[in-house]
Amino acid sequence: MRKTTMMNRKGLKGVLLLTCLFLTGVWCKNNAAFVYSRIGGDILLPCSNLKASNCSLISWSFYGGVQVRFTYEVRGGQMRADTDKANRLSVTSNCSLLLHDLRLDDIGTYRCLWQEEPVCDVYLSLLTITAFSKITDLHPGGNLILSCHISTFFDLGSCRSYSNEFRLSWVMENGTELPTESRYELIAPTRCNITLVTKLQREDNNRKWRCQVNPTNNSRVAFQDFTSAFLFENPSTDEDPIPSPVRDCEVQLPISSIVLCVALPIMVIIVGFFTWRKDSVRGKALADAGI
């Protein structure tokens, strides 16, 4: 009797599973996806296991952010107008979620639901670059210090086992590895943070330094760039010797400076002449008066 009851339960579970698949058009198993982007970028959050095309039955929830909270961004296929992401979100034709102008507060877990049943979870992580060098350090011979950090809902200041899903690195602008030169120093205290330290050269003016995250799965590679634009260049180099006095004389003065140099002596002479004449007249007048 007990054996028969267990068989009936298994059969019931199988019927419920098939019914779930036929009625909802989704996989009942809740899967997860990891996606990466950068601050200010765009990202597509896929509802990957959805088997139905009726997006009016789709909802998207969000849990996370800097001030950890839970919200519904999409409810019954309609965008929630009272959320801070309302003007940056759109639902695609396959019910995925497209998010623009990414911010730190967007980091977290997004859940796709069909008729309020979970379909998949999407975990969004963002890259940020912090420059520890001052603007005045951006010149040949100056030190450039750039820290790249990937922020995830799971880490929040630490770097847990989730970090095995990706690899963080500093690369060339085209995505290739940095050359093995002694001027590049990489410091990686955790898998979620990597710092680049280098001494700038002339060719580094307006150069892009790229931090890149390479997911271990098939997710799209994400990157963030920093441009080292020089405000000035260091003149104390062998290529720019100090000009000699002869070279200084060759520098052409602007017209205004020439006019000033000519007019100033003339004005001094005129003022001196009138002062001398005034004093002479005054002295003669005093003499005539017998003073």
# chains A, B, ... in the order shown; residues from 1 in each chain; ligands from 1
$ residues_around --residues "Asn143 of chain A" --least-positions-apart "6" --cutoff "9 Å" --atoms "only C-alpha atoms" --output "list in words"
Ser133, Asp137, Val197, Thr198, Lys199 and Leu200 of chain A
$ write_last_selection --atoms "C-alpha atoms" --output "short mmCIF file (atom, residue, chain, number, x, y, z; two decimals), in the first residue's frame"
data_model
loop_
_atom_site.label_atom_id
_atom_site.label_comp_id
_atom_site.auth_asym_id
_atom_site.auth_seq_id
_atom_site.Cartn_x
_atom_site.Cartn_y
_atom_site.Cartn_z
CA SER A 133 46.74 60.27 -10.04
CA ASP A 137 50.61 64.07 -12.79
CA VAL A 197 50.76 51.57 -12.02
CA THR A 198 52.99 52.96 -14.78
CA LYS A 199 55.32 55.87 -15.62
CA LEU A 200 53.89 57.89 -18.48
#
$ residues_around --residues "Leu168 of chain A" --least-positions-apart "2" --cutoff "9 Å" --atoms "only C-alpha atoms" --output "number ranges by chain"
A: 148-150, 166, 170, 191-194, 211-215
$ write_last_selection --atoms "all heavy atoms" --output "short mmCIF file (atom, residue, chain, number, x, y, z; two decimals), in the first residue's frame"
data_model
loop_
_atom_site.label_atom_id
_atom_site.label_comp_id
_atom_site.auth_asym_id
_atom_site.auth_seq_id
_atom_site.Cartn_x
_atom_site.Cartn_y
_atom_site.Cartn_z
N CYS A 148 40.84 49.44 -11.10
CA CYS A 148 39.63 48.92 -11.75
C CYS A 148 38.93 47.96 -10.79
O CYS A 148 39.56 47.07 -10.21
CB CYS A 148 40.00 48.21 -13.05
SG CYS A 148 38.56 47.54 -13.91
N HIS A 149 37.63 48.17 -10.63
CA HIS A 149 36.87 47.36 -9.69
C HIS A 149 35.58 46.90 -10.35
O HIS A 149 34.93 47.66 -11.07
CB HIS A 149 36.53 48.17 -8.43
CG HIS A 149 35.73 47.41 -7.42
ND1 HIS A 149 36.28 46.41 -6.64
CD2 HIS A 149 34.42 47.49 -7.07
CE1 HIS A 149 35.34 45.91 -5.86
NE2 HIS A 149 34.21 46.55 -6.10
N ILE A 150 35.23 45.66 -10.13
CA ILE A 150 33.95 45.16 -10.61
C ILE A 150 33.01 45.03 -9.41
O ILE A 150 33.33 44.37 -8.42
CB ILE A 150 34.09 43.82 -11.37
CG1 ILE A 150 32.74 43.40 -11.93
CG2 ILE A 150 34.70 42.72 -10.51
CD1 ILE A 150 32.83 42.29 -12.96
N PHE A 166 34.40 35.11 -13.61
CA PHE A 166 35.03 36.07 -14.52
C PHE A 166 36.50 36.25 -14.17
O PHE A 166 36.97 35.83 -13.11
CB PHE A 166 34.31 37.42 -14.46
CG PHE A 166 34.35 38.05 -13.09
CD1 PHE A 166 35.45 38.79 -12.66
CD2 PHE A 166 33.29 37.90 -12.22
CE1 PHE A 166 35.48 39.35 -11.41
CE2 PHE A 166 33.31 38.46 -10.96
CZ PHE A 166 34.41 39.19 -10.55
N TRP A 170 43.89 44.35 -17.05
CA TRP A 170 44.20 45.55 -17.82
C TRP A 170 44.78 45.11 -19.15
O TRP A 170 45.68 44.27 -19.19
CB TRP A 170 45.20 46.43 -17.09
CG TRP A 170 44.60 47.22 -15.97
CD1 TRP A 170 44.60 46.93 -14.65
CD2 TRP A 170 43.88 48.46 -16.10
NE1 TRP A 170 43.92 47.89 -13.93
CE2 TRP A 170 43.48 48.85 -14.80
CE3 TRP A 170 43.55 49.29 -17.17
CZ2 TRP A 170 42.74 50.01 -14.56
CZ3 TRP A 170 42.83 50.45 -16.94
CH2 TRP A 170 42.44 50.80 -15.64
N ARG A 191 40.22 39.20 -6.76
CA ARG A 191 39.82 38.95 -8.15
C ARG A 191 38.86 40.03 -8.65
O ARG A 191 38.64 40.15 -9.85
CB ARG A 191 39.16 37.58 -8.27
CG ARG A 191 40.10 36.41 -8.08
CD ARG A 191 39.34 35.10 -8.09
NE ARG A 191 38.66 34.88 -9.35
CZ ARG A 191 39.22 34.31 -10.42
NH1 ARG A 191 40.49 33.91 -10.35
NH2 ARG A 191 38.54 34.13 -11.52
N CYS A 192 38.31 40.83 -7.74
CA CYS A 192 37.36 41.88 -8.11
C CYS A 192 38.02 43.24 -8.25
O CYS A 192 37.33 44.23 -8.51
CB CYS A 192 36.23 41.95 -7.09
SG CYS A 192 35.23 40.46 -7.00
N ASN A 193 39.33 43.32 -8.06
CA ASN A 193 40.01 44.60 -8.12
C ASN A 193 41.41 44.40 -8.67
O ASN A 193 42.12 43.49 -8.25
CB ASN A 193 40.07 45.24 -6.72
CG ASN A 193 40.69 46.62 -6.75
OD1 ASN A 193 41.91 46.75 -6.81
ND2 ASN A 193 39.87 47.64 -6.71
N ILE A 194 41.79 45.27 -9.61
CA ILE A 194 43.14 45.21 -10.16
C ILE A 194 43.62 46.63 -10.45
O ILE A 194 42.89 47.43 -11.04
CB ILE A 194 43.21 44.32 -11.43
CG1 ILE A 194 44.66 44.20 -11.90
CG2 ILE A 194 42.30 44.82 -12.53
CD1 ILE A 194 44.84 43.13 -12.97
N CYS A 211 40.33 48.52 -18.90
CA CYS A 211 40.11 47.43 -17.95
C CYS A 211 39.01 46.55 -18.52
O CYS A 211 37.97 47.04 -18.96
CB CYS A 211 39.71 47.99 -16.59
SG CYS A 211 39.37 46.68 -15.38
N GLN A 212 39.24 45.25 -18.52
CA GLN A 212 38.34 44.32 -19.19
C GLN A 212 37.97 43.16 -18.28
O GLN A 212 38.80 42.66 -17.53
CB GLN A 212 39.02 43.80 -20.46
CG GLN A 212 38.20 42.86 -21.30
CD GLN A 212 38.85 42.60 -22.64
OE1 GLN A 212 38.90 43.45 -23.52
NE2 GLN A 212 39.41 41.40 -22.80
N VAL A 213 36.70 42.75 -18.36
CA VAL A 213 36.24 41.57 -17.63
C VAL A 213 35.93 40.49 -18.65
O VAL A 213 35.18 40.69 -19.60
CB VAL A 213 35.01 41.88 -16.75
CG1 VAL A 213 33.88 42.50 -17.53
CG2 VAL A 213 34.54 40.62 -16.03
N ASN A 214 36.56 39.33 -18.47
CA ASN A 214 36.35 38.19 -19.35
C ASN A 214 35.56 37.13 -18.60
O ASN A 214 36.10 36.45 -17.72
CB ASN A 214 37.69 37.60 -19.81
CG ASN A 214 38.47 38.56 -20.68
OD1 ASN A 214 39.18 39.42 -20.19
ND2 ASN A 214 38.33 38.41 -21.99
N PRO A 215 34.28 36.96 -18.92
CA PRO A 215 33.48 35.92 -18.26
C PRO A 215 33.96 34.53 -18.64
O PRO A 215 34.46 34.31 -19.75
CB PRO A 215 32.06 36.17 -18.78
CG PRO A 215 32.09 37.57 -19.33
CD PRO A 215 33.48 37.78 -19.85
#
$ select_by_dssp --residues "segment 57-250 of chain A" --states "strand (DSSP E or B)" --output "MDAnalysis selection string"
chainID A and resid 58:64 69:75 78:79 89:91 97:99 108:114 117:131 143:151 166:171 177 185:190 193:199 207:215 222:228
$ residues_around --residues "Leu44 of chain A" --least-positions-apart "3" --cutoff "12 Å" --atoms "only C-alpha atoms" --output "PDB file with N, CA, C and O atoms, in the first residue's frame"
ATOM      1  N   ALA A  33      21.769  33.733 -14.980  1.00  0.00           N
ATOM      2  CA  ALA A  33      22.680  34.255 -15.994  1.00  0.00           C
ATOM      3  C   ALA A  33      23.468  35.411 -15.381  1.00  0.00           C
ATOM      4  O   ALA A  33      22.938  36.160 -14.554  1.00  0.00           O
ATOM      5  N   PHE A  34      24.749  35.544 -15.788  1.00  0.00           N
ATOM      6  CA  PHE A  34      25.603  36.615 -15.285  1.00  0.00           C
ATOM      7  C   PHE A  34      25.941  37.542 -16.458  1.00  0.00           C
ATOM      8  O   PHE A  34      26.438  37.088 -17.486  1.00  0.00           O
ATOM      9  N   VAL A  35      25.659  38.837 -16.297  1.00  0.00           N
ATOM     10  CA  VAL A  35      25.929  39.801 -17.355  1.00  0.00           C
ATOM     11  C   VAL A  35      26.783  40.935 -16.782  1.00  0.00           C
ATOM     12  O   VAL A  35      26.719  41.244 -15.592  1.00  0.00           O
ATOM     13  N   TYR A  36      27.583  41.555 -17.680  1.00  0.00           N
ATOM     14  CA  TYR A  36      28.542  42.574 -17.250  1.00  0.00           C
ATOM     15  C   TYR A  36      28.471  43.770 -18.183  1.00  0.00           C
ATOM     16  O   TYR A  36      28.248  43.637 -19.386  1.00  0.00           O
ATOM     17  N   SER A  37      28.680  44.947 -17.628  1.00  0.00           N
ATOM     18  CA  SER A  37      28.753  46.159 -18.430  1.00  0.00           C
ATOM     19  C   SER A  37      29.563  47.188 -17.654  1.00  0.00           C
ATOM     20  O   SER A  37      30.235  46.847 -16.682  1.00  0.00           O
ATOM     21  N   GLY A  41      26.963  52.598 -19.603  1.00  0.00           N
ATOM     22  CA  GLY A  41      26.724  51.752 -20.766  1.00  0.00           C
ATOM     23  C   GLY A  41      25.299  51.220 -20.824  1.00  0.00           C
ATOM     24  O   GLY A  41      24.421  51.628 -20.059  1.00  0.00           O
ATOM     25  N   CYS A  47      15.650  36.972 -20.820  1.00  0.00           N
ATOM     26  CA  CYS A  47      14.736  36.006 -20.189  1.00  0.00           C
ATOM     27  C   CYS A  47      14.913  34.713 -20.980  1.00  0.00           C
ATOM     28  O   CYS A  47      14.105  34.347 -21.828  1.00  0.00           O
ATOM     29  N   SER A  48      16.016  34.014 -20.704  1.00  0.00           N
ATOM     30  CA  SER A  48      16.551  32.994 -21.607  1.00  0.00           C
ATOM     31  C   SER A  48      15.719  31.728 -21.729  1.00  0.00           C
ATOM     32  O   SER A  48      15.757  31.073 -22.762  1.00  0.00           O
ATOM     33  N   ARG A  88      14.610  54.541 -18.445  1.00  0.00           N
ATOM     34  CA  ARG A  88      15.833  53.915 -18.970  1.00  0.00           C
ATOM     35  C   ARG A  88      15.617  52.457 -19.337  1.00  0.00           C
ATOM     36  O   ARG A  88      16.550  51.777 -19.740  1.00  0.00           O
ATOM     37  N   LEU A  89      14.401  51.969 -19.198  1.00  0.00           N
ATOM     38  CA  LEU A  89      14.091  50.566 -19.445  1.00  0.00           C
ATOM     39  C   LEU A  89      13.161  50.404 -20.644  1.00  0.00           C
ATOM     40  O   LEU A  89      12.342  51.273 -20.937  1.00  0.00           O
ATOM     41  N   SER A  90      13.302  49.270 -21.314  1.00  0.00           N
ATOM     42  CA  SER A  90      12.368  48.898 -22.376  1.00  0.00           C
ATOM     43  C   SER A  90      12.335  47.384 -22.485  1.00  0.00           C
ATOM     44  O   SER A  90      13.337  46.712 -22.210  1.00  0.00           O
ATOM     45  N   VAL A  91      11.182  46.842 -22.863  1.00  0.00           N
ATOM     46  CA  VAL A  91      11.009  45.403 -23.032  1.00  0.00           C
ATOM     47  C   VAL A  91      11.130  45.078 -24.512  1.00  0.00           C
ATOM     48  O   VAL A  91      10.468  45.697 -25.353  1.00  0.00           O
ATOM     49  N   THR A  92      11.970  44.108 -24.862  1.00  0.00           N
ATOM     50  CA  THR A  92      12.180  43.739 -26.260  1.00  0.00           C
ATOM     51  C   THR A  92      11.085  42.793 -26.733  1.00  0.00           C
ATOM     52  O   THR A  92      10.225  42.366 -25.965  1.00  0.00           O
ATOM     53  N   ASN A  94      11.280  39.745 -27.473  1.00  0.00           N
ATOM     54  CA  ASN A  94      11.349  38.403 -26.871  1.00  0.00           C
ATOM     55  C   ASN A  94      11.260  38.470 -25.341  1.00  0.00           C
ATOM     56  O   ASN A  94      11.660  37.538 -24.650  1.00  0.00           O
ATOM     57  N   CYS A  95      10.739  39.603 -24.840  1.00  0.00           N
ATOM     58  CA  CYS A  95      10.457  39.810 -23.412  1.00  0.00           C
ATOM     59  C   CYS A  95      11.705  40.031 -22.558  1.00  0.00           C
ATOM     60  O   CYS A  95      11.605  40.026 -21.323  1.00  0.00           O
ATOM     61  N   SER A  96      12.858  40.182 -23.189  1.00  0.00           N
ATOM     62  CA  SER A  96      14.056  40.529 -22.435  1.00  0.00           C
ATOM     63  C   SER A  96      13.977  41.996 -22.018  1.00  0.00           C
ATOM     64  O   SER A  96      13.143  42.762 -22.521  1.00  0.00           O
ATOM     65  N   LEU A  97      14.870  42.395 -21.123  1.00  0.00           N
ATOM     66  CA  LEU A  97      14.844  43.753 -20.582  1.00  0.00           C
ATOM     67  C   LEU A  97      16.103  44.489 -21.028  1.00  0.00           C
ATOM     68  O   LEU A  97      17.220  44.011 -20.823  1.00  0.00           O
ATOM     69  N   LEU A  98      15.916  45.677 -21.652  1.00  0.00           N
ATOM     70  CA  LEU A  98      17.033  46.486 -22.109  1.00  0.00           C
ATOM     71  C   LEU A  98      17.168  47.698 -21.188  1.00  0.00           C
ATOM     72  O   LEU A  98      16.213  48.460 -21.007  1.00  0.00           O
ATOM     73  N   LEU A  99      18.351  47.852 -20.580  1.00  0.00           N
ATOM     74  CA  LEU A  99      18.586  48.908 -19.599  1.00  0.00           C
ATOM     75  C   LEU A  99      19.687  49.834 -20.117  1.00  0.00           C
ATOM     76  O   LEU A  99      20.768  49.388 -20.476  1.00  0.00           O
ATOM     77  N   HIS A 100      19.383  51.155 -20.149  1.00  0.00           N
ATOM     78  CA  HIS A 100      20.318  52.159 -20.670  1.00  0.00           C
ATOM     79  C   HIS A 100      20.947  52.975 -19.547  1.00  0.00           C
ATOM     80  O   HIS A 100      20.429  53.012 -18.421  1.00  0.00           O
ATOM     81  N   ASP A 101      22.050  53.661 -19.873  1.00  0.00           N
ATOM     82  CA  ASP A 101      22.705  54.619 -18.971  1.00  0.00           C
ATOM     83  C   ASP A 101      22.888  54.016 -17.574  1.00  0.00           C
ATOM     84  O   ASP A 101      22.377  54.522 -16.576  1.00  0.00           O
ATOM     85  N   LEU A 102      23.648  52.946 -17.509  1.00  0.00           N
ATOM     86  CA  LEU A 102      23.786  52.180 -16.269  1.00  0.00           C
ATOM     87  C   LEU A 102      24.436  52.984 -15.149  1.00  0.00           C
ATOM     88  O   LEU A 102      25.356  53.770 -15.380  1.00  0.00           O
ATOM     89  N   TYR A 110      18.023  40.633 -11.205  1.00  0.00           N
ATOM     90  CA  TYR A 110      16.792  40.861 -11.955  1.00  0.00           C
ATOM     91  C   TYR A 110      16.151  39.497 -12.213  1.00  0.00           C
ATOM     92  O   TYR A 110      16.805  38.583 -12.715  1.00  0.00           O
ATOM     93  N   VAL A 122      18.868  37.055 -13.447  1.00  0.00           N
ATOM     94  CA  VAL A 122      19.980  37.679 -14.162  1.00  0.00           C
ATOM     95  C   VAL A 122      20.731  38.562 -13.176  1.00  0.00           C
ATOM     96  O   VAL A 122      20.147  39.469 -12.570  1.00  0.00           O
ATOM     97  N   TYR A 123      22.043  38.309 -13.016  1.00  0.00           N
ATOM     98  CA  TYR A 123      22.872  39.050 -12.074  1.00  0.00           C
ATOM     99  C   TYR A 123      23.716  40.060 -12.844  1.00  0.00           C
ATOM    100  O   TYR A 123      24.540  39.690 -13.676  1.00  0.00           O
ATOM    101  N   LEU A 124      23.506  41.345 -12.555  1.00  0.00           N
ATOM    102  CA  LEU A 124      24.203  42.415 -13.256  1.00  0.00           C
ATOM    103  C   LEU A 124      25.374  42.939 -12.428  1.00  0.00           C
ATOM    104  O   LEU A 124      25.212  43.287 -11.259  1.00  0.00           O
ATOM    105  N   SER A 219      29.160  34.769 -21.809  1.00  0.00           N
ATOM    106  CA  SER A 219      28.688  36.151 -21.735  1.00  0.00           C
ATOM    107  C   SER A 219      29.607  37.078 -22.521  1.00  0.00           C
ATOM    108  O   SER A 219      30.777  36.766 -22.759  1.00  0.00           O
ATOM    109  N   ARG A 220      29.060  38.218 -22.924  1.00  0.00           N
ATOM    110  CA  ARG A 220      29.819  39.191 -23.713  1.00  0.00           C
ATOM    111  C   ARG A 220      30.876  39.865 -22.852  1.00  0.00           C
ATOM    112  O   ARG A 220      30.632  40.224 -21.715  1.00  0.00           O
TER     113      ARG A 220
END
$ closest_residue --among "A:Gly40, A:Pro179, A:Gly65, A:Pro140" --to "Asn205 of chain A" --atoms "only C-alpha atoms"
A:Pro140
$ closest_residue --among "A:Ser61, A:Asn31, A:Thr176, A:Ser169" --to "Asn49 of chain A" --atoms "only C-alpha atoms"
A:Asn31
$ atom_distance --atom1 "atom CA of Leu57 of chain A" --atom2 "atom CA of Leu45 of chain A"
17.1 Å
$ closest_residue --among "A:Thr130, A:Arg103, A:Gly141, A:Thr190" --to "Phe226 of chain A" --atoms "only C-alpha atoms"
A:Thr130
$ atom_distance --atom1 "atom CA of Gln224 of chain A" --atom2 "atom CA of Glu177 of chain A"
15.1 Å
$ select_by_dssp --residues "segment 27-181 of chain A" --states "helix (DSSP H, G or I)" --output "PyMOL selection string"
chain A and resi 55-57+86-88+104-106+135-137+161-165
$ closest_residue --among "A:Asn164, A:Asn206, A:Ser125, A:Ser147" --to "Thr227 of chain A" --atoms "only C-alpha atoms"
A:Asn206
$ atom_distance --atom1 "atom CA of Ala32 of chain A" --atom2 "atom CA of Ala81 of chain A"
26.7 Å
$ closest_residue --among "A:Ser182, A:Ser59, A:Ser228, A:Gln201" --to "Cys112 of chain A" --atoms "only C-alpha atoms"
A:Ser59
$ closest_residue --among "A:Trp114, A:Phe230, A:Asp106, A:Ile187" --to "Ile43 of chain A" --atoms "only C-alpha atoms"
A:Asp106
